[in-house]
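K.L.:
Next comes the structure file model08.txt, holding compact mmCIF, C-alpha atoms and all ligand atoms.
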```txt
# COMPACT_ATOMS: atom_id res chain seq x y z
CA MET A 511 -66.98 -119.57 -8.82
CA THR A 512 -65.22 -118.07 -11.76
CA LYS A 513 -61.76 -116.65 -11.97
CA VAL A 514 -62.96 -113.05 -12.02
CA THR A 515 -64.32 -113.23 -8.54
CA ASP A 516 -61.69 -115.61 -7.27
CA SER A 517 -59.16 -112.95 -8.07
CA LEU A 518 -61.07 -110.42 -6.01
CA ALA A 519 -59.98 -112.11 -2.79
CA TYR A 520 -60.95 -108.79 -1.36
CA ASP A 521 -62.31 -105.80 -3.22
CA CYS A 522 -60.30 -102.63 -2.77
CA HIS A 523 -62.70 -100.23 -4.48
CA CYS A 524 -66.48 -99.93 -4.17
CA HIS A 525 -69.25 -97.48 -3.35
CA ILE A 526 -71.69 -99.56 -1.31
CA LEU A 527 -72.23 -97.31 1.71
CA PRO A 528 -75.80 -96.01 1.42
CA GLY A 529 -76.61 -92.44 0.49
CA ILE A 530 -73.23 -90.74 0.92
CA ASP A 531 -72.04 -90.59 -2.69
CA ASP A 532 -73.19 -91.70 -6.15
CA GLY A 533 -73.08 -95.35 -5.08
CA ALA A 534 -75.80 -97.31 -3.29
CA ALA A 535 -78.86 -95.10 -2.91
CA ASP A 536 -80.27 -96.62 0.25
CA LEU A 537 -79.86 -99.47 2.73
CA ALA A 538 -81.83 -101.90 0.55
CA GLU A 539 -79.46 -101.38 -2.37
CA SER A 540 -76.40 -101.59 -0.08
CA LEU A 541 -77.59 -104.93 1.25
CA ASP A 542 -78.19 -106.23 -2.29
CA LEU A 543 -74.64 -105.26 -3.28
CA CYS A 544 -73.22 -106.87 -0.15
CA ARG A 545 -75.13 -110.06 -0.95
CA TRP A 546 -73.69 -109.93 -4.48
CA PHE A 547 -70.17 -109.93 -3.06
CA VAL A 548 -70.90 -112.81 -0.70
CA ALA A 549 -72.58 -114.83 -3.48
CA HIS A 550 -69.36 -114.49 -5.48
CA GLY A 551 -67.09 -115.62 -2.69
CA ILE A 552 -65.82 -112.20 -1.63
CA THR A 553 -65.76 -111.80 2.12
CA GLU A 554 -63.97 -108.49 2.60
CA VAL A 555 -64.40 -105.14 0.86
CA VAL A 556 -62.82 -101.73 1.23
CA CYS A 557 -65.62 -99.14 1.16
CA THR A 558 -64.09 -96.29 -0.81
CA SER A 559 -66.74 -93.58 -0.87
CA HIS A 560 -65.88 -90.51 -2.91
CA SER A 561 -64.06 -87.57 -1.40
CA THR A 562 -64.79 -84.89 -3.99
CA ARG A 563 -66.21 -81.42 -4.22
CA ARG A 564 -69.66 -82.89 -4.78
CA TYR A 565 -69.35 -85.65 -2.16
CA PRO A 566 -67.04 -84.19 0.50
CA ASN A 567 -66.87 -87.33 2.64
CA THR A 568 -64.31 -87.55 5.42
CA ALA A 569 -62.75 -90.31 7.51
CA GLU A 570 -65.47 -89.63 10.08
CA THR A 571 -68.49 -89.85 7.74
CA VAL A 572 -67.22 -93.05 6.15
CA GLU A 573 -66.32 -94.70 9.45
CA ALA A 574 -69.81 -93.96 10.79
CA ALA A 575 -71.54 -95.19 7.61
CA ALA A 576 -69.45 -98.37 7.47
CA ALA A 577 -70.09 -99.16 11.15
CA ALA A 578 -73.83 -98.70 10.63
CA LEU A 579 -73.90 -100.92 7.52
CA GLN A 580 -71.71 -103.53 9.24
CA ALA A 581 -74.26 -103.68 12.08
CA GLU A 582 -77.05 -104.28 9.54
CA LEU A 583 -75.02 -107.05 7.88
CA ASP A 584 -74.23 -108.70 11.20
CA LYS A 585 -77.89 -108.53 12.21
CA ARG A 586 -78.84 -110.40 9.02
CA GLY A 587 -75.96 -112.89 9.11
CA ILE A 588 -74.43 -111.57 5.86
CA ALA A 589 -70.77 -112.56 6.18
CA LEU A 590 -69.04 -109.55 4.68
CA HIS A 591 -66.36 -107.54 6.45
CA LEU A 592 -66.30 -103.83 5.65
CA ILE A 593 -63.13 -101.75 5.79
CA PRO A 594 -63.85 -98.00 5.78
CA SER A 595 -61.75 -95.85 3.48
CA LEU A 596 -62.18 -93.27 0.72
CA GLU A 597 -61.47 -92.69 -2.93
CA TYR A 598 -59.64 -89.40 -2.71
CA ARG A 599 -59.82 -87.14 -5.72
CA PHE A 600 -56.92 -84.76 -6.25
CA VAL A 601 -58.94 -81.55 -6.27
CA PRO A 602 -58.07 -78.56 -4.11
CA GLN A 603 -61.54 -78.42 -2.54
CA THR A 604 -61.04 -81.71 -0.61
CA TRP A 605 -57.37 -82.65 -0.96
CA PRO A 606 -55.40 -83.03 1.21
CA PRO A 607 -57.90 -84.09 3.90
CA LYS A 608 -57.41 -83.42 7.60
CA ARG A 609 -57.09 -87.15 8.31
CA LEU A 610 -56.27 -89.88 5.80
CA LEU A 611 -57.98 -93.25 6.20
CA PRO A 612 -55.75 -95.94 4.64
CA TRP A 613 -56.70 -99.58 4.02
CA LYS A 614 -54.62 -102.70 4.66
CA GLY A 615 -51.88 -100.81 6.42
CA ASN A 616 -50.95 -97.84 4.29
CA HIS A 617 -52.91 -98.01 1.01
CA ILE A 618 -54.66 -94.87 -0.19
CA LEU A 619 -56.96 -95.05 -3.22
CA VAL A 620 -56.71 -91.86 -5.26
CA GLU A 621 -58.45 -90.72 -8.41
CA LEU A 622 -57.92 -87.94 -10.89
CA SER A 623 -60.45 -85.77 -12.62
CA LEU A 624 -62.09 -88.02 -15.21
CA LYS A 625 -62.62 -85.48 -17.96
CA ASN A 626 -60.95 -82.24 -17.11
CA PRO A 627 -57.43 -82.25 -15.62
CA GLU A 628 -57.63 -78.47 -15.11
CA LYS A 629 -60.07 -79.11 -12.27
CA MET A 630 -57.14 -80.47 -10.26
CA ALA A 631 -55.05 -77.28 -10.57
CA PRO A 632 -52.93 -76.17 -8.83
CA LEU A 633 -52.44 -79.78 -7.69
CA ASP A 634 -50.17 -81.95 -9.80
CA PRO A 635 -50.94 -85.70 -9.56
CA GLU A 636 -47.28 -86.70 -9.78
CA GLU A 637 -46.35 -84.36 -6.93
CA GLU A 638 -49.23 -85.59 -4.76
CA ILE A 639 -48.25 -89.23 -5.40
CA ARG A 640 -44.69 -88.42 -4.38
CA ARG A 641 -45.91 -86.67 -1.25
CA LEU A 642 -47.99 -89.68 -0.19
CA VAL A 643 -45.00 -91.98 -0.71
CA ARG A 644 -42.79 -89.62 1.31
CA GLU A 645 -45.33 -89.75 4.14
CA GLY A 646 -45.22 -93.54 4.17
CA TYR A 647 -48.41 -94.28 2.22
CA GLN A 648 -48.87 -96.51 -0.82
CA PRO A 649 -50.93 -94.55 -3.33
CA VAL A 650 -53.14 -96.73 -5.53
CA LEU A 651 -54.41 -94.92 -8.61
CA ALA A 652 -58.00 -95.90 -9.39
CA HIS A 653 -58.84 -96.83 -12.99
CA PRO A 654 -56.04 -95.12 -14.94
CA GLU A 655 -57.73 -96.49 -18.09
CA ARG A 656 -60.53 -93.97 -17.58
CA TYR A 657 -58.41 -90.80 -17.77
CA LEU A 658 -58.70 -90.40 -21.51
CA TRP A 659 -56.78 -87.11 -21.42
CA SER A 660 -53.66 -88.82 -20.07
CA THR A 661 -50.70 -89.94 -22.19
CA PRO A 662 -48.46 -93.03 -21.94
CA GLY A 663 -45.84 -90.63 -20.56
CA ASP A 664 -48.23 -89.65 -17.76
CA TYR A 665 -48.67 -93.31 -16.83
CA ASP A 666 -44.90 -93.76 -16.69
CA ARG A 667 -44.45 -90.67 -14.51
CA TRP A 668 -47.16 -91.68 -12.03
CA LEU A 669 -45.71 -95.17 -11.73
CA ALA A 670 -42.20 -93.78 -11.32
CA ALA A 671 -43.52 -91.47 -8.60
CA GLY A 672 -44.62 -94.56 -6.67
CA ALA A 673 -48.27 -95.18 -7.57
CA LEU A 674 -49.70 -98.66 -8.15
CA PHE A 675 -52.49 -98.99 -10.71
CA GLN A 676 -55.94 -100.44 -10.06
CA ARG A 677 -58.03 -101.65 -12.99
CA ASN A 678 -61.79 -101.63 -12.87
CA LEU A 679 -63.62 -104.89 -13.37
CA GLY A 680 -65.45 -104.55 -16.70
CA SER A 681 -62.93 -102.18 -18.30
CA LEU A 682 -61.58 -104.91 -20.57
CA GLU A 683 -65.11 -105.76 -21.69
CA GLY A 684 -66.04 -102.19 -22.59
CA PHE A 685 -68.19 -101.30 -19.58
CA TYR A 686 -66.62 -97.82 -19.63
CA GLY A 687 -66.61 -97.44 -23.42
CA SER A 688 -64.16 -98.51 -26.08
CA PRO A 689 -61.44 -95.85 -25.55
CA ALA A 690 -61.15 -96.94 -21.89
CA GLN A 691 -61.25 -100.56 -23.06
CA GLU A 692 -58.29 -99.95 -25.37
CA ARG A 693 -56.33 -98.29 -22.61
CA ALA A 694 -57.13 -101.13 -20.22
CA ARG A 695 -55.79 -103.60 -22.80
CA TYR A 696 -52.64 -101.51 -23.23
CA LEU A 697 -51.99 -101.29 -19.48
CA GLN A 698 -52.88 -104.94 -18.91
CA GLN A 699 -50.57 -106.11 -21.70
CA LYS A 700 -47.73 -104.08 -20.26
CA GLY A 701 -48.36 -105.68 -16.87
CA LEU A 702 -48.88 -102.32 -15.19
CA TYR A 703 -51.88 -103.19 -13.04
CA SER A 704 -51.37 -104.27 -9.44
CA PHE A 705 -54.99 -104.32 -8.27
CA LEU A 706 -58.36 -105.26 -9.64
CA GLY A 707 -61.32 -103.43 -8.10
CA SER A 708 -65.05 -103.64 -8.78
CA ASP A 709 -65.83 -99.91 -8.37
CA LEU A 710 -69.31 -101.30 -7.70
CA HIS A 711 -71.84 -98.47 -7.46
CA ASN A 712 -75.29 -99.99 -7.93
CA ARG A 713 -77.30 -103.00 -9.10
CA HIS A 714 -76.62 -102.24 -12.78
CA TYR A 715 -72.90 -102.78 -12.23
CA ALA A 716 -73.57 -106.11 -10.53
CA GLU A 717 -75.84 -107.20 -13.39
CA PHE A 718 -73.17 -106.35 -15.95
CA PHE A 719 -70.42 -108.09 -13.98
CA ASP A 720 -72.56 -111.23 -13.93
CA THR A 721 -72.44 -111.26 -17.74
CA ILE A 722 -68.63 -111.16 -17.94
CA LEU A 723 -67.65 -113.62 -15.27
CA ASP A 724 -66.35 -116.13 -17.81
CA LEU A 725 -64.65 -113.65 -20.10
CA GLU A 726 -61.55 -112.85 -18.12
CA PRO A 727 -59.45 -116.01 -17.91
CA ASP A 728 -56.29 -114.08 -17.12
CA ILE A 729 -57.74 -111.45 -14.92
CA LEU A 730 -54.90 -111.28 -12.44
CA PRO A 731 -51.87 -109.18 -13.33
CA ARG A 732 -48.89 -111.45 -13.92
CA LYS A 733 -45.46 -111.27 -12.37
CA GLN A 734 -42.66 -113.43 -13.67
CA VAL A 735 -39.79 -113.97 -11.26
CA VAL A 736 -36.81 -116.24 -10.74
CA ALA A 737 -35.62 -117.78 -7.51
CA ALA A 738 -32.34 -119.40 -6.45
CA ILE A 739 -32.30 -122.51 -4.31
CA ILE A 740 -28.68 -122.27 -3.26
CA ARG A 741 -27.34 -125.61 -2.06
CA LYS A 742 -24.32 -126.30 0.10
CA GLY A 743 -23.94 -129.96 0.98
CA ASP A 744 -27.22 -131.06 2.56
CA ARG A 745 -28.44 -127.53 3.28
CA ILE A 746 -30.26 -124.81 1.34
CA PHE A 747 -30.16 -121.06 1.82
CA ALA A 748 -33.31 -119.28 3.03
CA THR A 749 -33.78 -115.54 3.41
CA GLN A 750 -36.22 -113.50 5.47
CA ARG A 751 -37.99 -110.62 3.76
CA GLY A 752 -37.38 -107.29 5.43
CA TYR A 753 -40.01 -105.10 3.74
CA GLY A 754 -43.58 -104.83 2.51
CA GLU A 755 -46.77 -106.75 3.05
CA TRP A 756 -44.94 -110.08 3.51
CA LYS A 757 -42.25 -108.71 5.83
CA ASP A 758 -40.71 -111.39 8.10
CA TRP A 759 -41.79 -114.29 5.85
CA TRP A 760 -39.10 -116.54 4.42
CA GLU A 761 -38.30 -117.02 0.76
CA PHE A 762 -35.72 -118.07 -1.74
CA PRO A 763 -33.70 -115.09 -2.97
CA GLY A 764 -34.35 -113.82 -6.49
CA GLY A 765 -36.64 -111.35 -8.20
CA LYS A 766 -38.21 -109.99 -11.34
CA ILE A 767 -37.06 -110.75 -14.85
CA GLU A 768 -36.31 -107.45 -16.60
CA ALA A 769 -37.31 -106.83 -20.20
CA GLY A 770 -34.92 -108.57 -22.59
CA GLU A 771 -33.30 -110.73 -19.89
CA THR A 772 -33.17 -114.52 -19.86
CA PRO A 773 -34.36 -116.07 -16.60
CA GLU A 774 -30.83 -117.29 -15.89
CA ALA A 775 -29.28 -113.85 -16.45
CA ALA A 776 -31.96 -112.31 -14.23
CA LEU A 777 -31.15 -114.76 -11.46
CA VAL A 778 -27.40 -114.09 -11.58
CA ARG A 779 -28.10 -110.33 -11.48
CA GLU A 780 -30.63 -110.59 -8.64
CA ILE A 781 -28.30 -112.65 -6.45
CA ARG A 782 -25.51 -110.20 -7.12
CA GLU A 783 -27.81 -107.34 -6.04
CA GLU A 784 -29.39 -109.06 -3.04
CA LEU A 785 -26.44 -111.02 -1.65
CA SER A 786 -23.31 -109.56 -3.31
CA ALA A 787 -22.59 -113.12 -4.35
CA GLU A 788 -21.80 -115.02 -7.54
CA ILE A 789 -23.65 -118.24 -8.31
CA SER A 790 -23.47 -121.06 -10.77
CA ILE A 791 -26.82 -122.38 -11.97
CA ASP A 792 -27.20 -126.14 -11.92
CA ARG A 793 -30.71 -126.73 -13.31
CA LEU A 794 -34.33 -125.65 -13.27
CA LEU A 795 -35.97 -127.49 -10.40
CA HIS A 796 -39.57 -126.36 -10.87
CA THR A 797 -41.82 -123.54 -12.06
CA VAL A 798 -44.33 -122.47 -9.42
CA GLU A 799 -47.64 -120.97 -10.59
CA TRP A 800 -49.36 -119.23 -7.71
CA ASP A 801 -52.30 -116.83 -7.34
CA TYR A 802 -51.69 -114.18 -4.73
CA PRO A 803 -54.75 -112.00 -3.97
CA THR A 804 -53.68 -109.27 -6.36
CA PHE A 805 -51.44 -110.96 -8.94
CA HIS A 806 -50.52 -114.25 -10.53
CA LEU A 807 -46.95 -115.33 -9.91
CA THR A 808 -44.85 -117.48 -12.24
CA MET A 809 -41.62 -118.34 -10.45
CA ASN A 810 -38.81 -120.27 -12.16
CA CYS A 811 -36.77 -121.92 -9.42
CA TYR A 812 -33.22 -123.03 -10.09
CA LEU A 813 -30.87 -125.21 -8.09
CA CYS A 814 -27.65 -123.19 -7.68
CA ALA A 815 -24.35 -123.14 -5.86
CA LEU A 816 -22.23 -120.29 -4.54
CA LYS A 817 -19.00 -119.68 -6.45
CA SER A 818 -17.39 -118.36 -3.27
CA GLU A 819 -18.35 -118.39 0.39
CA ALA A 820 -18.80 -114.67 0.94
CA LEU A 821 -22.24 -113.15 0.83
CA HIS A 822 -23.94 -110.11 2.30
CA LEU A 823 -27.62 -109.44 3.05
CA ASN A 824 -28.34 -106.24 1.10
CA GLU A 825 -32.14 -106.51 1.21
CA HIS A 826 -33.13 -109.26 3.60
CA GLU A 827 -33.25 -108.97 7.37
CA ALA A 828 -32.00 -112.48 8.10
CA ALA A 829 -30.87 -115.68 6.44
CA ARG A 830 -30.33 -119.30 7.43
CA TRP A 831 -28.85 -122.47 6.00
CA LEU A 832 -31.47 -125.18 6.53
CA ASP A 833 -31.17 -128.92 6.19
CA LYS A 834 -34.23 -131.04 5.52
CA THR A 835 -35.01 -131.50 9.20
CA ALA A 836 -35.07 -127.71 9.73
CA ILE A 837 -36.70 -126.72 6.47
CA HIS A 838 -40.17 -126.39 8.00
CA SER A 839 -38.92 -124.36 10.96
CA VAL A 840 -39.45 -121.00 9.25
CA LYS A 841 -42.64 -119.34 7.92
CA TRP A 842 -42.34 -119.64 4.13
CA LEU A 843 -44.12 -117.44 1.61
CA PRO A 844 -46.99 -119.49 0.16
CA ALA A 845 -45.46 -119.75 -3.33
CA ASP A 846 -42.03 -120.75 -2.00
CA GLU A 847 -43.60 -123.33 0.28
CA GLN A 848 -44.77 -125.25 -2.80
CA LEU A 849 -41.16 -126.13 -3.50
CA LEU A 850 -40.32 -127.79 -0.20
CA PRO A 851 -41.26 -131.41 -1.07
CA LEU A 852 -39.17 -131.20 -4.25
CA ILE A 853 -36.24 -129.68 -2.39
CA ILE A 854 -36.34 -132.34 0.30
CA GLU A 855 -36.33 -134.96 -2.45
CA SER A 856 -33.37 -133.29 -4.20
CA LEU A 857 -31.42 -133.04 -0.92
CA ALA A 858 -31.86 -136.76 -0.43
CA ASN A 859 -30.04 -137.43 -3.71
FE FE B 1 -64.82 -95.30 -7.56
```
Kindly present the structure from the file in structure tokens form.
Ligand SMILES: [Fe+2]
P.N.:
Amino acid sequence: MTKVTDSLAYDCHCHILPGIDDGAADLAESLDLCRWFVAHGITEVVCTSHSTRRYPNTAETVEAAAAALQAELDKRGIALHLIPSLEYRFVPQTWPPKRLLPWKGNHILVELSLKNPEKMAPLDPEEEIRRLVREGYQPVLAHPERYLWSTPGDYDRWLAAGALFQRNLGSLEGFYGSPAQERARYLQQKGLYSFLGSDLHNRHYAEFFDTILDLEPDILPRKQVVAAIIRKGDRIFATQRGYGEWKDWWEFPGGKIEAGETPEAALVREIREELSAEISIDRLLHTVEWDYPTFHLTMNCYLCALKSEALHLNEHEAARWLDKTAIHSVKWLPADEQLLPLIIESLAN
């Protein structure tokens, strides 16, 4: 299948539960939309029915609707896994709800008033985002490109408050009109999207998406990072991640390249921040290109050495020096794992 759908390893935003919002009208349409996902290689979707004044769905109504639709899918052998959740609108009539229903751990999809920000008063989106973060949730802001009343400063404030942005499939092709298309381009170019969602409501959406499947070659948001393969004799230094979705997996230390930084300068800074250590960079070993479900990673990996022995784990929960016989003894992040054959080869020399 095409890259558009490949990138939707799972869909985090759709309205396919029948009859409970402005999405699928009935079971027949729900089943058609589910078959559309399966036909495009998507096996898991988060059912984010609206929670608004007009469609005051709750955790309970969505859980019941998702369980009923899942039973219909199972009966027909349609291999799609449904995760019940909601698209919470920041309006005082329904927000905050009595019980939040997060997806994939702690993610909460939120939306703002599309046309009239006054409808949210007295709620302030930035404050609500901050509150969710304080309570341990990861707010994901649905389709920021569609809030035509918002300013670039608003985007910055919501991101700074802790929101991640979700782009709608079709935004870049004008499905939501050209002003939203321009905003989608702006946000995409700045690399501010973390999620792609279909926001699939009905058969017309699916028909449109089928016309754009080949138009989005770079659909995944891109992250460019650097990593240090620190060598000491016949061993390399591995660190265990202590936070987030990939907590406990092993990786090479490093991180994001900041605006205006060279990859080498970024690496020296990252190692200083993560390990309180100074390194010398020997050479670029390899650049890994890897598609994670929600972003494309470009990782420049450098062979390095410590300038002095002392180091301190400021961000990681554990670290080990591994020789080539032990290198497979830890659970590597998928992108980092790509490097192992090259590292083993370099350790042999
Ligand atoms: Fe939606």
K.L.:
Around ligand FE 1 (chain B), at most 12 Å away and counting only C-alpha atoms and all ligand atoms, which residues are there? Put them as JSON, numbers by chain, please.
P.N.:
{"A": [521, 522, 523, 524, 525, 526, 531, 532, 533, 534, 556, 557, 558, 559, 560, 561, 562, 565, 595, 596, 597, 598, 599, 619, 620, 621, 622, 623, 624, 650, 651, 652, 653, 654, 656, 676, 677, 678, 679, 707, 708, 709, 710, 711, 712, 715]}
K.L.:
Choose the residue, out of A:Phe747, A:Trp842, A:Tyr802, A:Trp760, that has the smallest atom-to-atom separation from Arg830 of chain A; count only C-alpha atoms.
P.N.:
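Looking at the shortest contact to Arg830 of chain A, the residue is A:Phe747.
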K.L.:
Taking all atoms listed in the file into account, name the residue in A:Ile739, A:Ala829, A:Ala776, A:Leu706 that is nearest to Arg751 of chain A.
P.N.:
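Closest residue, counting all atoms listed in the file: A:Ala829.
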K.L.:
Using all atoms listed in the file, can you tell me which of A:Ala748, A:Ala690, A:Leu541, A:Ala716 comes closest to Gly764 of chain A?
P.N.:
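Looking at the shortest contact to Gly764 of chain A, the residue is A:Ala748.
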K.L.:
Write out as a ChimeraX atom specification the residues lying within 9 Å of Lys834 of chain A, counting only C-alpha atoms and excluding same-chain residues fewer than 4 positions away.
P.N.:
/A:744-746,838,850,853-854,857-858
K.L.:
Taking all atoms listed in the file into account, which of A:Ser839, A:Leu592, A:Trp831, A:Ile740 comes nearest Ala815 of chain A?
P.N.:
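Of A:Ser839, A:Leu592, A:Trp831, A:Ile740, the one nearest Ala815 of chain A is A:Ile740, counting all atoms listed in the file.
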K.L.:
Which residues are close to Pro763 of chain A, i.e. within 8 Å by all atoms listed in the file, leaving aside same-chain residues fewer than 2 positions away? Reply as a ChimeraX atom specification.
P.N.:
/A:737-739,748-749,761,765,780-781,784
